[in-house]
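So the structure is just underneath, and the comments pick up after that.
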Amino acid sequence: MADKVIQAIKINKHFDGAQQQHVLKDVSFSVDKGDFTSIVGKSGCGKSTLLYILSTMDTDYEGDLLIDNDPMRLKNEAELARVRNEKIGFVFQFHYLLNEFSVLRNVMIPGLKLGKYAEKELEHRAMEKLKIFGIDDQALKMPNQLSGGQKQRVAIARALINDPIIIMGDEPTGNLDKKNGEIVFELFQKLAREFQQTLLIVTHDMEFAKATDHVIEMEDGRILNT
Amino acid sequence: MKYKLLARIALALSMARWRQTMVAAVGVAFSITMFITLLGFMNGLNDMLDGLILNRTPHIKLYNELKPSPAQPVQLAAGYKGYYHFIRSVKPYGRRLEIYNVDPIMNSIEKDDRVLGLAPKISAQVFYNVGAIDVTGVINGVDVEAENKLFFFSTYVTAGNYIDLKNIPNSIILGKSAADKMLAKIGDVVQVTTARGDRQQLKVVGYFQSGIADVDKINSYTSISTAQKLLGEPRTYITDIQVKLKDMSLAPAMAKEYRARYEVDAEDIQTANAQFETGSSVRSIISYAVGITLLIVAGFGIYNILNMMIYEKMDSIAILKATGFSGRDVKRIFIMIAISIGVIGVSFGLVFGFLASSFIDQIPFETAALPSINTYPVNYNIKFYIIGAAFGIFTTYLAGYLPSRKASKVDPVVIIRGK
Ligand SMILES: Nc1ncnc2c1ncn2[C@@H]1O[C@H](COP(=O)(O)OP(=O)(O)OP(=O)(O)O)[C@@H](O)[C@H]1O
Ligand SMILES: [Mg+2]
C-alpha cells in the first residue's frame, strides 16, 4: 500500500449567510504518493472550497484532514503556515507573484522562509527549477515584465522550491489561452512522470483530467466516484 | 536569518511606495526637530531666567528676623497655664539682626555633606548721599570669593573688577541704576550714611547689573570687613548665612532642620521663589505638549501610509500567507516598516533638531538687563534628545501596530476567491 499524502475524512463545510449553505457534504478521499489526481465538477460544486481546506488556508470546517499522516485539526495558525511552507506547493488560477521582487526572488522566498538551505544554494536550486520550465533566462526580470504563461510557470517553480510532498492547483490553466494552457499542463505531466511529484489539480478541462492518474468527480458538494 | 527575510520584504514593500514612506518619515523628522528645538530653546530661556534669580539666591538663607517673641511672658507663667490669653499690640523685642555664634554654626554647616558651600553676608540699610538728598539703599557685605564661587558674582559686575572689592579697602560696587543716579564713575568716592547716622566715604570700584532694575537701584556690594566697619560692628557680626546645596530639592527639609538646630530663621529657595518655579515648569509643559502633539500627528501619518499599503498589498499578503508566512510574520513585516520610518525620521529629526538649536544659538539677543548674554539661550541637554527619540519610536510603533494587526488577520482565501 502506497503512502497517503493527503487524507480527507468526512469533511463538511457550511457557509453562513442569508441562508445557510451546505457546500461540502461528507467529503472523504485520499491521495497517494506520486499520484497525479484531478478534481472535476460543475461550477459551484465546491471544488475550490475543498482545495482551500486541503491546503490548510481554510480552517472553518468539520471533519478531519491528515497531511503526511499528521492531523491538521489541532494545529494553530503558525503551525499550519509551517505546513504550507514545507509540505504544500500551491498554484492559483491567477498567477500571484510578488511584484516587488524579481522572478528569481519570488521563487526563492518560500525557501528563504523555510531556511533549510543557505541563500547561495537556494538561488542555485531556484535556477534549476526555472530551468525545468525553460524560463531561467527570465530570472532577473520583474514579474510584470512576463507574459501570463511565463508568470504561471514561475508560480509553479515557486511551488516546487521546498520540494513539497504535494502540489495543489486551482484551475492553474484556467486563465491561460489554449496553447499556454497546454504548455502548463505538459509541465505538470513532466513533474509527475520525471520527478514523481504528487499533484492535486482542480480543472474544468475534461481532456486535461482524462490524462491524469485519478479523476475525482464532484457534484453538489459530494464526491461521485472514488 | 528569519528576521533578515522579513526585513527584506519590509524594505521591498516600502520601496514600492517610497514617496509616501518618505513623507511619513519627513513627518516624524519634522516633529522631532520641532520637539528638540522647542525644548532646547524653552529650557535655554528657563535656564536664563533661573539664572536671573535662582542662581544668585541661596538655597537656604539663615538669618534673624525682627519679630515679636512667639511666647509671651504670661504664657510662660505657670499660674496661667490652661487659660486663653488675649494679648494685644505685641511688639518685637529689641533683638539684634546678627546671627549668634556665627562661627560654630558655619563650621557645622560646612561639614554637612549635602552642602555645596556657604557664604556669609551682611545686609545693612543705608542712605546714599546724592548732593543734598539721601537715597535709601542696601549695602551687602559679602565674602567676595565665596560669593563669586556660589552665586557667580563676577558675571553681574559689568564694569570694574569684582576682586577689587576685597583688595581695596573701603571700596564699593554700586548697582548700575544707583550709580547713574549718583553720577558716580569708577574711581569716584561716594558717601553713605548708616541707619545710625554714621557717615563713610567709599570708593567706587565697579558697577553691577543684575538684570532687574529695581534691584540695581537699591543694592550695592562691599566686602564683609568694610560693611562691619561701616556699621561699627565687630568681626563676628554676620546677618545672613547663605547656603548652597548639592541638591536644591532638599532645601525645604533642610531649612526646617537648621531652624530647629541653630535656633535661627531659615528660608528655603522654594518658598522664597515659588512663582518662579511655576513659570519654568509651565514653559516646559508647553514645549512638551507641542512636541508630543506634533509626534501624534506624525503618528497618524504613519498609520495612514501603512493602512494604504496594506490595502494595496492585499494580494502580496495573501501570497505570503499561502506560501507559509504566519500572521505573526506578516505583522512583523509591517511593524518593521513602521519602526524603520520611525528610526529614520527620528535620526534625521535629532540631527536637524540639533542644527536648528545651534542656529537659534547664533541669533543675536542683546538686552541691557542681561549683560552676560549675547545670543538666544539654548539648552542642549541630552535628555531632550533621548525623550524625543524614545517617544518618536514609541509613537511610530503604536501607529504601526493597528495596521499590522489588520494585515496579520488578512484571510488569504477571501483574497484569492475575490479575484
Ligand atoms: N464566502 C462564501 N460565502 C458563501 N458562499 C460561498 C462563499 N464562497 C463560495 N460559496 C459558495 O460555495 C459553493 C462552492 O463554491 P466553490 O468556489 O468551491 O465552487 P467551485 O466548484 O470552485 O466553482 P468554480 O468551478 O466556478 O470555481 C458555491 O455555491 C458558492 O456560491
Ligand atoms: Mg473554483
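Chain identifiers are assigned as A, B, and so on, following the order in which chains appear in the C-alpha cells; residues are numbered from 1 within each chain, and ligands are numbered from 1 in order of appearance.
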Show me a table, sorted first by chain and then by increasing residue number, of the residues of chain A having an atom at most 9 Å from chain B, each with its shortest atom pair and the distance in Å to one decimal, counting only C-alpha atoms and written as a Markdown table.
| residue | atom | partner | partner_atom | distance |
| --- | --- | --- | --- | --- |
| A:Ser48 | CA | B:Arg417 | CA | 8.6 |
| A:Thr49 | CA | B:Val413 | CA | 9.0 |
| A:Tyr52 | CA | B:Val413 | CA | 6.8 |
| A:Ser55 | CA | B:Ala322 | CA | 8.4 |
| A:Thr56 | CA | B:Ala322 | CA | 8.9 |
| A:Met57 | CA | B:Val413 | CA | 6.5 |
| A:Asp58 | CA | B:Val413 | CA | 6.7 |
| A:Glu77 | CA | B:Ser326 | CA | 6.7 |
| A:Ala78 | CA | B:Ser326 | CA | 5.0 |
| A:Glu79 | CA | B:Ser326 | CA | 8.2 |
| A:Leu80 | CA | B:Gly324 | CA | 7.9 |
| A:Ala81 | CA | B:Gly324 | CA | 4.4 |
| A:Arg82 | CA | B:Gly324 | CA | 5.5 |
| A:Val83 | CA | B:Gly324 | CA | 7.2 |
| A:Arg84 | CA | B:Gly324 | CA | 5.0 |
| A:Asn85 | CA | B:Gly324 | CA | 3.9 |
| A:Glu86 | CA | B:Gly324 | CA | 7.6 |
| A:Ile88 | CA | B:Thr323 | CA | 8.1 |
| A:Gly89 | CA | B:Thr323 | CA | 7.3 |
| A:Phe90 | CA | B:Thr323 | CA | 7.4 |
| A:Phe92 | CA | B:Ile416 | CA | 7.9 |
| A:Gln93 | CA | B:Ile416 | CA | 9.0 |
| A:Phe94 | CA | B:Lys419 | CA | 7.6 |
| A:Tyr96 | CA | B:Ile319 | CA | 6.5 |
| A:Leu97 | CA | B:Ile319 | CA | 7.3 |
| A:Leu98 | CA | B:Ser316 | CA | 5.7 |
| A:Asn99 | CA | B:Ser316 | CA | 8.0 |
| A:Glu100 | CA | B:Ala12 | CA | 5.9 |
| A:Phe101 | CA | B:Ala12 | CA | 7.3 |
| A:Ile109 | CA | B:Leu5 | CA | 8.0 |
| A:Pro110 | CA | B:Thr323 | CA | 6.0 |
| A:Leu112 | CA | B:Leu5 | CA | 6.9 |
| A:Lys113 | CA | B:Lys2 | CA | 6.8 |
| A:Leu114 | CA | B:Gly324 | CA | 8.3 |
| A:Gly115 | CA | B:Lys2 | CA | 7.6 |
| A:Arg158 | CA | B:Thr323 | CA | 8.9 |
| A:Ala159 | CA | B:Thr323 | CA | 8.0 |
Output for the residues just chosen: C-alpha atoms as a PDB file, in the first residue's frame:
ATOM      1  CA  SER A  48     -12.223  25.495  -4.759  1.00  0.00           C
ATOM      2  CA  THR A  49     -13.728  25.354  -1.309  1.00  0.00           C
ATOM      3  CA  TYR A  52      -8.667  25.745   0.298  1.00  0.00           C
ATOM      4  CA  SER A  55      -4.287  23.500   1.634  1.00  0.00           C
ATOM      5  CA  THR A  56      -4.894  24.409   5.345  1.00  0.00           C
ATOM      6  CA  MET A  57      -5.735  28.015   4.463  1.00  0.00           C
ATOM      7  CA  ASP A  58      -9.383  27.490   5.417  1.00  0.00           C
ATOM      8  CA  GLU A  77      -2.194  29.287  12.700  1.00  0.00           C
ATOM      9  CA  ALA A  78       1.607  29.433  12.837  1.00  0.00           C
ATOM     10  CA  GLU A  79       1.928  25.639  12.691  1.00  0.00           C
ATOM     11  CA  LEU A  80      -0.371  25.492   9.677  1.00  0.00           C
ATOM     12  CA  ALA A  81       1.709  28.201   7.993  1.00  0.00           C
ATOM     13  CA  ARG A  82       4.721  25.997   8.557  1.00  0.00           C
ATOM     14  CA  VAL A  83       2.939  23.025   6.981  1.00  0.00           C
ATOM     15  CA  ARG A  84       2.067  25.122   3.929  1.00  0.00           C
ATOM     16  CA  ASN A  85       5.598  26.351   3.676  1.00  0.00           C
ATOM     17  CA  GLU A  86       7.231  22.955   3.981  1.00  0.00           C
ATOM     18  CA  ILE A  88       2.438  22.122   0.135  1.00  0.00           C
ATOM     19  CA  GLY A  89       3.004  23.981  -3.082  1.00  0.00           C
ATOM     20  CA  PHE A  90       0.019  25.966  -4.248  1.00  0.00           C
ATOM     21  CA  PHE A  92      -3.513  29.695  -8.217  1.00  0.00           C
ATOM     22  CA  GLN A  93      -5.613  30.389 -11.242  1.00  0.00           C
ATOM     23  CA  PHE A  94      -4.274  33.908 -11.251  1.00  0.00           C
ATOM     24  CA  TYR A  96       0.079  35.519  -7.803  1.00  0.00           C
ATOM     25  CA  LEU A  97       3.626  36.777  -7.782  1.00  0.00           C
ATOM     26  CA  LEU A  98       5.124  39.469  -5.571  1.00  0.00           C
ATOM     27  CA  ASN A  99       5.600  42.425  -7.887  1.00  0.00           C
ATOM     28  CA  GLU A 100       8.233  43.982  -5.636  1.00  0.00           C
ATOM     29  CA  PHE A 101      10.679  41.131  -6.231  1.00  0.00           C
ATOM     30  CA  ILE A 109      11.117  33.455  -0.909  1.00  0.00           C
ATOM     31  CA  PRO A 110       9.298  30.347   0.393  1.00  0.00           C
ATOM     32  CA  LEU A 112      14.230  31.538   2.470  1.00  0.00           C
ATOM     33  CA  LYS A 113      11.288  31.310   4.802  1.00  0.00           C
ATOM     34  CA  LEU A 114      11.888  27.603   5.368  1.00  0.00           C
ATOM     35  CA  GLY A 115      15.582  28.289   5.922  1.00  0.00           C
ATOM     36  CA  ARG A 158       7.898  28.687  -6.675  1.00  0.00           C
ATOM     37  CA  ALA A 159       5.511  25.940  -5.561  1.00  0.00           C
TER      38      ALA A 159
END
> Which protein, DNA or RNA residues have an atom within 12 Å of ligand 1, counting only C-alpha atoms and all ligand atoms, as a ChimeraX atom specification?
Replying inline: /A:12-25,39-53,58,60,92-93,169-172,174-175,201-205,217-223 /B:411-419
> Among stretch 190-402 of chain B, which residues carry a DSSP assignment of alpha helix (DSSP H), reported as a PyMOL selection string?
Replying inline: chain B and resi 213-218+224-231+251-262+269-272+274-312+314-322+327-362+382-402
>> Env of B:Asn55: 10 Å cut, atoms = only C-alpha atoms, seq-sep filter 4 positions within chain, self excluded. Answer as a ChimeraX atom specification.
In response: /B:47-51,59,150-153,244
>> When DSSP is applied to the backbone of this structure, which of stretch 133-306 of chain B are assigned strand (DSSP E or B)? Write them out as number ranges by chain.
In response: B: 133-142, 157-160, 171-175, 189-194, 199-208, 219-223, 240-245, 265-268
Compile the contact shell of stretch 78-91 of chain B as a CSV table (one decimal) with N, CA, C and O atoms, in the first residue's frame: residues with an atom at most 9 Å away, counting only C-alpha atoms, same-chain residues fewer than 4 positions apart removed.
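Writing done, so here's result_30.csv:
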chain,number,residue,atom,x,y,z
B,67,LYS,N,11.0,90.0,65.0
B,67,LYS,CA,9.5,89.7,65.1
B,67,LYS,C,9.2,89.5,66.6
B,67,LYS,O,10.1,89.3,67.4
B,68,PRO,N,8.0,89.7,66.9
B,68,PRO,CA,7.6,89.5,68.3
B,68,PRO,C,7.9,88.1,68.8
B,68,PRO,O,7.8,87.2,68.0
B,69,SER,N,8.3,87.9,70.0
B,69,SER,CA,8.6,86.6,70.5
B,69,SER,C,7.3,85.8,70.5
B,69,SER,O,6.2,86.3,70.9
B,72,GLN,N,4.9,84.8,74.9
B,72,GLN,CA,4.9,86.0,75.7
B,72,GLN,C,4.9,85.6,77.2
B,72,GLN,O,4.5,84.4,77.5
B,74,VAL,N,3.2,85.9,79.8
B,74,VAL,CA,2.0,85.4,80.5
B,74,VAL,C,1.8,83.9,80.1
B,74,VAL,O,1.3,83.1,80.9
> So what do you get for atom CA of B:Val264 versus atom CA of B:Val243, distance-wise?
Replying inline: 13.6 Å
> So what do you get for atom CA of A:Ser38 versus atom CA of A:Ala139, distance-wise?
Replying inline: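 These atoms are spaced 29.8 Å apart.
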